[in-house]
Each structure stands twice: as structure tokens, then as C-alpha cells.
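A.B. asks: Take this structure first; my questions come after.
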Amino acid sequence: MSKISASRLYGSIQLRRNRGLAGLYLVVAGFLILYALLFPGILSIGGFSKFTQNWFPLALVTMAQALLMLNGGITLAIGPLVSLGAVIAATTMQGALGVPGGIVAVALAGLSIGAVIGAIVTHLRLPAIIVTLAGSFIIGGVALILLPRPGGFIPDWLSTVLAGHTPVAFLLLVVILMLWKVFLATPLGLGIYAAGDNPVGAFRSGVPVERVKVAAFALSGLLAALAGLFVAAQTGSGDPVIGTPFTLNSIAAAVLGGVGFLGGKGTMRGAICGSLLLSVMINVMFFLGFPPVAQYVAQGLIIVGAVAVPELLKGWRARR
């Protein structure tokens, strides 16, 4: 294949992946402008830092969910993994392991649990939604056994570094996105898209589809557990149920970002943008004085609209 043909092929693939993101960027920009008008403090270093700290865990779990959705799967174990990550961090950092050992323990737990779930889904040919639902109960139970009530220990300096008055969370997110771009250039990264879009074709092309799926679950578990570590640093302790809202929010943010449920459709930057939209939307509704019930209703209507409008436009174009 010539360089010109390869360039055109790459351009067409990128165009397909980014289709519809321009509208998403405009909506996010509008909400950010409205948020800045309602809360001018976000334009300061401290305000920006606090906003990104609240957004960062949602961005991580959205990446974890999008990683599986791009591969044609889904997980309902995100929330319990966040809780378990927080609990492991809070129960290991005060011992002989210290902070480095606690971080390694959280990372290994996320990787290994994700890999086990992925292996069960892949090799036993079971639906991911059923396996991850069962796994969510088991993981949540383990978190409650390790720490029956909120507590544990997170060093003050770690909380200050990660959740202080500097935009460390934003810098970490930039680094993670750069690592994702590097990962996409590897055979494993390319395999995630290929296996999600056309698993049979990917297998015939030499992609180790089963290994790719297990790796996707493992990386998803790692991201969710690290989100729990960050939440523990924010709160200064571990909480065995703190991750509960993240499961549905991760799905909602990924869908808002244009990631499809059937695999191979969407981009990670779209998913991150979707998590930003969801985070800003919640803050805007809070400053506008929406009661909690109205916030949930508004979020649901916006999410349904985000899914329905592209499909309606697609059908309208097909009829023309």
C-alpha cells in the first residue's frame, strides 16, 4: 500500500471515529461558558483545580467503561471497583507498605480482578453484563469485609498533592490521554477497535481477539481502581460504598461522548468530553438551583436526547 493510500485510509478512519464530535464540543463549550458565568471562581487556579479534581474520577471511570464498549462489551462492576480501590488504599498505606506499596496494591487489585472477569467472559462465553453484575456483588462484599465502615488512613501529604490547590488532577488526565494515544499505536490497542468493530474479521486478520478482550477488562479494572485511590485521597479515608454512583454515570458519560454499545464506534476523547459534559451539567444545575430530583430528570432527558438525536438524523439522511 502506498503512503498516499495509507494516509487516505487513516484519514477516513479518523473521520468515521470523530463523526458527531463537533456538535459535542460545541455543547460542552456552551455549558462551560454558562458555568463560568455562574461561578467565575473557576477561572482561578484554585477553582480550576477543585473542578478538575471532582471531574477526574468520573473521567477515569468513563475511560474504563469506554474501553470495554469500544471492544463490544460493558461492565457493571465499575462502582464496586472504585470502592475497593479506595478501601485498599486506606487500609494499606498506614502499614509497612506505605504509599508506594498501597498504590501498587490498588493497581494490582484492579488489573487482576479485571483480568479474571475478562477471562470468565471470554473463555466461558458468558454475557459480560451478567458476569460483571455478579462480580459487582462480590467486589462490593469484599470491600465491606475489608472496611465495614468509612475509615482507614490516607497521608495528609498525598491528599494535598492530589486534591490540593494545584491542578495535579488535570495534569494526570493529560498524561493518561497521552499514554492512551501511545497505546493505540500498539497491536493491542489497534486490536481493541478491530475486535469490537468486527471480531470475526479481526480474528481472520490475525488479531488475538480473546487476549485483546481480557486485556481490555484488565485495563478497565486498573482505571476504576485508580479512580478509587484518587477518591480516597480526596476524602482522606476509604469508603466501601463510595463508588456506587460511578457505574451508571460512566455509561452515561460514554454514551454522551458518542461511544456505541456494539463496539468499534467512538473515541476516547469523545468519552472524556462526555464525562466533562456530565460533570459541568451537574454543576450548572446546582448553581441554577435545581433540586436533586429535577437534576436526575434533566440528566436522564439529556442522555436520552444524546442517544436519540443522532439516530433520528441518521434515519432522516437515509430517507433522503
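Chains: A, B, ... in order of the C-alpha cells. Residues: from 1 per chain. Ligands: from 1, in order shown.
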Applying 12 Å and only C-alpha atoms, which residues near Thr160 (chain A) remain after dropping the ones on its own chain fewer than 2 positions away? List them as a list in words.

C.D. replies: Ser49, Lys50, Gln53, Ile154, Pro155, Asp156, Trp157, Leu158, Leu162, Ala163, Gly164, His165, Thr166, Pro167, Val168, Ala169, Phe230, Ala232, Ala233, Gln234, Thr235 and Gly236 of chain A

A.B. asks: Once you have the residues from the selection above, write them out as a PDB file, in the first residue's frame, restricted to C-alpha atoms.

C.D. replies:
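And here is the file that came out, part.pdb:
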```
ATOM      1  CA  SER A  49      -8.128  22.734  40.457  1.00  0.00           C
ATOM      2  CA  LYS A  50     -11.221  21.898  42.503  1.00  0.00           C
ATOM      3  CA  GLN A  53     -10.483  17.146  40.971  1.00  0.00           C
ATOM      4  CA  ILE A 154      -4.553   8.374  53.791  1.00  0.00           C
ATOM      5  CA  PRO A 155      -1.447  10.522  54.427  1.00  0.00           C
ATOM      6  CA  ASP A 156      -2.197  14.236  54.526  1.00  0.00           C
ATOM      7  CA  TRP A 157       0.604  15.000  52.092  1.00  0.00           C
ATOM      8  CA  LEU A 158      -0.880  12.651  49.484  1.00  0.00           C
ATOM      9  CA  LEU A 162      -3.626  15.035  44.569  1.00  0.00           C
ATOM     10  CA  ALA A 163      -6.520  17.111  45.893  1.00  0.00           C
ATOM     11  CA  GLY A 164      -4.912  20.366  46.978  1.00  0.00           C
ATOM     12  CA  HIS A 165      -4.935  23.794  45.334  1.00  0.00           C
ATOM     13  CA  THR A 166      -2.895  22.822  42.279  1.00  0.00           C
ATOM     14  CA  PRO A 167      -4.250  21.270  39.040  1.00  0.00           C
ATOM     15  CA  VAL A 168      -2.442  17.951  39.521  1.00  0.00           C
ATOM     16  CA  ALA A 169      -5.600  16.051  38.557  1.00  0.00           C
ATOM     17  CA  PHE A 230      -7.958   9.299  43.938  1.00  0.00           C
ATOM     18  CA  ALA A 232      -9.735   8.164  48.863  1.00  0.00           C
ATOM     19  CA  ALA A 233      -7.120  10.929  48.608  1.00  0.00           C
ATOM     20  CA  GLN A 234      -9.922  13.467  48.153  1.00  0.00           C
ATOM     21  CA  THR A 235     -11.850  12.353  51.212  1.00  0.00           C
ATOM     22  CA  GLY A 236      -8.845  11.380  53.335  1.00  0.00           C
TER      23      GLY A 236
END
```

A.B. asks: Enter the distance from CA of Pro150 (chain A) to CA of Gln65 (chain A), in Å, rounded to one decimal.

C.D. replies: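 Interatomic distance, CA of Pro150 (chain A) to CA of Gln65 (chain A): 25.9 Å.
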
A.B. asks: Just checking: using only C-alpha atoms, which residue out of A:Gly274, A:Pro127, A:Gly243, A:Gly257 ends up closest to Leu84 (chain A)?

C.D. replies: A:Gly243

A.B. asks: What's around Pro148 (chain A) at 10 Å? Count only C-alpha atoms, leave out sequence neighbours fewer than 5 positions away in its own chain, and write the answer as a list in words.

C.D. replies: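 Once the nearby chain positions are removed, what remains is Val87, Gly141, Val142, Ala143, Asp239, Pro240 and Val241 of chain A.
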
A.B. asks: Go ahead and write the selection's residues with all heavy atoms as a short mmCIF file (atom, residue, chain, number, x, y, z; two decimals), in the first residue's frame.

C.D. replies:
```cif
data_model
loop_
_atom_site.label_atom_id
_atom_site.label_comp_id
_atom_site.auth_asym_id
_atom_site.auth_seq_id
_atom_site.Cartn_x
_atom_site.Cartn_y
_atom_site.Cartn_z
N VAL A 87 -10.82 1.51 49.41
CA VAL A 87 -10.64 0.73 50.65
C VAL A 87 -9.22 0.16 50.74
O VAL A 87 -8.58 0.23 51.81
CB VAL A 87 -11.69 -0.40 50.71
CG1 VAL A 87 -11.31 -1.42 51.79
CG2 VAL A 87 -13.06 0.17 50.98
N GLY A 141 -18.88 -6.83 48.27
CA GLY A 141 -18.81 -7.57 49.53
C GLY A 141 -17.40 -7.61 50.10
O GLY A 141 -17.20 -7.45 51.31
N VAL A 142 -16.40 -7.80 49.23
CA VAL A 142 -15.01 -7.81 49.68
C VAL A 142 -14.63 -6.44 50.26
O VAL A 142 -13.95 -6.36 51.30
CB VAL A 142 -14.07 -8.17 48.52
CG1 VAL A 142 -12.61 -7.98 48.92
CG2 VAL A 142 -14.31 -9.61 48.08
N ALA A 143 -15.08 -5.36 49.62
CA ALA A 143 -14.79 -4.02 50.12
C ALA A 143 -15.38 -3.83 51.52
O ALA A 143 -14.74 -3.24 52.41
CB ALA A 143 -15.34 -2.97 49.16
N ASP A 239 -14.02 4.39 51.78
CA ASP A 239 -15.45 4.20 51.98
C ASP A 239 -15.88 3.02 51.11
O ASP A 239 -15.71 3.06 49.89
CB ASP A 239 -16.22 5.47 51.59
CG ASP A 239 -17.71 5.39 51.94
OD1 ASP A 239 -18.25 4.27 52.00
OD2 ASP A 239 -18.32 6.45 52.14
N PRO A 240 -16.44 1.96 51.70
CA PRO A 240 -16.76 0.75 50.93
C PRO A 240 -17.93 0.89 49.97
O PRO A 240 -18.19 -0.03 49.18
CB PRO A 240 -17.07 -0.29 52.03
CG PRO A 240 -17.53 0.52 53.19
CD PRO A 240 -16.74 1.79 53.14
N VAL A 241 -18.64 2.00 49.99
CA VAL A 241 -19.77 2.17 49.07
C VAL A 241 -19.68 3.48 48.28
O VAL A 241 -20.64 3.85 47.60
CB VAL A 241 -21.12 2.12 49.83
CG1 VAL A 241 -21.34 0.75 50.44
CG2 VAL A 241 -21.20 3.20 50.88
#
```

A.B. asks: Give the answer as one residue: which of A:Leu229, A:Ile251, A:Ala128, A:Leu277 has the shortest atom-to-atom distance to Val106 (chain A), using only C-alpha atoms?

C.D. replies: A:Leu229

A.B. asks: Just list as an MDAnalysis selection string whatever in region 64-307 of chain A DSSP marks as helix (DSSP H, G or I).

C.D. replies: chainID A and resid 64:70 78:92 98:123 128:146 156:163 168:184 187:197 199:204 209:235 246:256 268:287 292:307

A.B. asks: What gap, in Å, lies between CA of Gly41 (chain A) and CA of Phe287 (chain A)?

C.D. replies: 12.7 Å

A.B. asks: Skip region 193-199 of chain A itself and residues of its chain fewer than 2 positions away, then list as a PyMOL selection string all residues within 8 Å of it, counting only C-alpha atoms.

C.D. replies: chain A and resi 69-72+189-191+201-203+207+209+212+262-265

A.B. asks: So which one's closest to Thr91 (chain A), A:Phe137, A:Phe48, A:Phe153, A:Trp55? Using only C-alpha atoms, please.

C.D. replies: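 Ranking A:Phe137, A:Phe48, A:Phe153, A:Trp55 by distance to Thr91 (chain A), first place goes to A:Phe153.
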
A.B. asks: What does the structure give for the distance between CA of Ile129 (chain A) and CA of Ala252 (chain A), in Å to one decimal?

C.D. replies: 15.6 Å
